[in-house]
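A short write-up of the structure that comes next.
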Amino acid sequence: MTAQTLSPPEQIVELSGISWQTYETLLLELGDRQIRLTYNRGNLEIRIPSPEHERFKTIMGRFVETLAEELEVRIEPLGSTTFKRPELSGAEPDECFYIQNISAVKGKKRIDLTQDPPPDLVGN
């Protein structure tokens, strides 16, 4: 007899009527945990990615990077950077890339979405 370990499914909780301050507090409290938060005008999605999700995220990131290299297209990969538009939205994509707007963010330590463009390609 063989035993098979099943990975738990991705868990998602959606809440509404959440303030921006609550979202910011949760980000601080959760720190570097494997929990992803997405905020959009009072709606909050809390996601705990499964191992399967993480595997596909990694494969997709490698695919984009390999494709860019083969096509000789410059990209700026920013991984799972948290992007915020205060009081409106906040998101933590699994992978994100600047392609057309690479010159607007290349070398910056902080991206400010009130002044800088959002990533050209985002994957969750």
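Just remember, in the structure tokens the first chain shown is A, the second B, etc., residues are 1-based per chain, and ligands are 1-based in the order shown.
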Checklist entry - Got a sec to tell me which of region 2-54 of chain A DSSP assigns to alpha helix (DSSP H), as a PyMOL selection string? => result chain A and resi 20-30+51-54
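Within 8 Å of region 100-107 of chain A there are Arg74, Ile75, Glu76, Asp116, Pro117, Pro119 and Asp120 of chain A, counting only C-alpha atoms and ignoring same-chain residues fewer than 5 positions away.
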Item to check | Using only C-alpha atoms: which of A:Glu29, A:Glu24, A:Glu54, A:Glu87 has the shortest distance to Thr114 (chain A) | outcome: A:Glu87
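The smallest atom-to-atom distance between Pro86 (chain A) and any of A:Asp32, A:Lys57, A:Leu113, A:Leu71, using only C-alpha atoms, is found for A:Leu113.
Compared by their closest atoms to Arg33 (chain A), and using only C-alpha atoms, the residues A:Phe97, A:Ile18, A:Ser89, A:Pro49 rank with A:Pro49 nearest.
Of the residues listed (A:Met60, A:Lys109, A:Glu52, A:Pro118), A:Met60 shows the shortest atom-to-atom separation from Glu95 (chain A); distances use only C-alpha atoms.
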Item to check | Nearest candidate to Arg55 (chain A) (options A:Asp94, A:Thr25, A:Ile12, A:Arg36; using only C-alpha atoms) | outcome: A:Asp94
Next on the checklist: For the structure I just gave you, how does DSSP split region 9-114 of chain A - specifically, which residues are strand (DSSP E)? Reply as a PyMOL selection string.
Outcome noted: chain A and resi 11-16+36-40+43-48+76-77+83-85+89-91+95-98
Could you write out the selected residues, including C-alpha atoms, as an mmCIF file, in the first residue's frame?
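Dumped to out_30.cif:
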```cif
data_model
loop_
_atom_site.group_PDB
_atom_site.id
_atom_site.type_symbol
_atom_site.label_atom_id
_atom_site.label_comp_id
_atom_site.auth_asym_id
_atom_site.auth_seq_id
_atom_site.Cartn_x
_atom_site.Cartn_y
_atom_site.Cartn_z
ATOM 1 C CA GLN A 11 -7.679 29.161 0.736
ATOM 2 C CA ILE A 12 -9.429 32.443 -0.006
ATOM 3 C CA VAL A 13 -11.463 34.650 2.321
ATOM 4 C CA GLU A 14 -13.292 37.716 0.976
ATOM 5 C CA LEU A 15 -14.461 40.542 3.241
ATOM 6 C CA SER A 16 -16.266 43.801 2.488
ATOM 7 C CA ARG A 36 -1.462 37.554 0.286
ATOM 8 C CA LEU A 37 -3.801 40.516 0.701
ATOM 9 C CA THR A 38 -5.611 42.363 -2.063
ATOM 10 C CA TYR A 39 -7.592 45.499 -1.212
ATOM 11 C CA ASN A 40 -9.962 47.315 -3.555
ATOM 12 C CA ASN A 43 -13.140 44.846 -0.328
ATOM 13 C CA LEU A 44 -10.363 42.663 1.052
ATOM 14 C CA GLU A 45 -9.271 39.295 -0.283
ATOM 15 C CA ILE A 46 -7.059 37.180 1.956
ATOM 16 C CA ARG A 47 -5.360 34.344 0.098
ATOM 17 C CA ILE A 48 -3.164 31.532 1.364
ATOM 18 C CA GLU A 76 12.398 44.438 -14.916
ATOM 19 C CA PRO A 77 11.034 41.607 -12.721
ATOM 20 C CA PHE A 83 1.652 47.975 -4.743
ATOM 21 C CA LYS A 84 -0.599 50.567 -3.108
ATOM 22 C CA ARG A 85 -2.842 53.398 -4.185
ATOM 23 C CA SER A 89 -6.318 49.671 -3.724
ATOM 24 C CA GLY A 90 -3.427 47.516 -2.649
ATOM 25 C CA ALA A 91 -2.189 44.277 -4.173
ATOM 26 C CA GLU A 95 5.025 37.875 -10.036
ATOM 27 C CA CYS A 96 5.120 41.171 -11.909
ATOM 28 C CA PHE A 97 7.205 42.626 -14.701
ATOM 29 C CA TYR A 98 7.835 46.013 -16.222
#
```
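Minimum atom-to-atom distance to Pro51 (chain A), evaluated using only C-alpha atoms, belongs to A:Glu10 out of A:Glu65, A:Leu28, A:Asp112, A:Glu10.
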Checklist entry - Between CA of His53 (chain A) and CA of Tyr23 (chain A), what is the distance, to one decimal in Å? => result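 CA of His53 (chain A) sits 23.5 Å away from CA of Tyr23 (chain A).
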Checklist entry - Between CA of Trp20 (chain A) and CA of Gly42 (chain A), what is the spacing in Å? => result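 Between these atoms lies a distance of 7.1 Å.
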Next on the checklist: Between CA of Gly123 (chain A) and CA of Phe56 (chain A), what is the distance in Å, rounded to a tenth?
Outcome noted: 10.4 Å
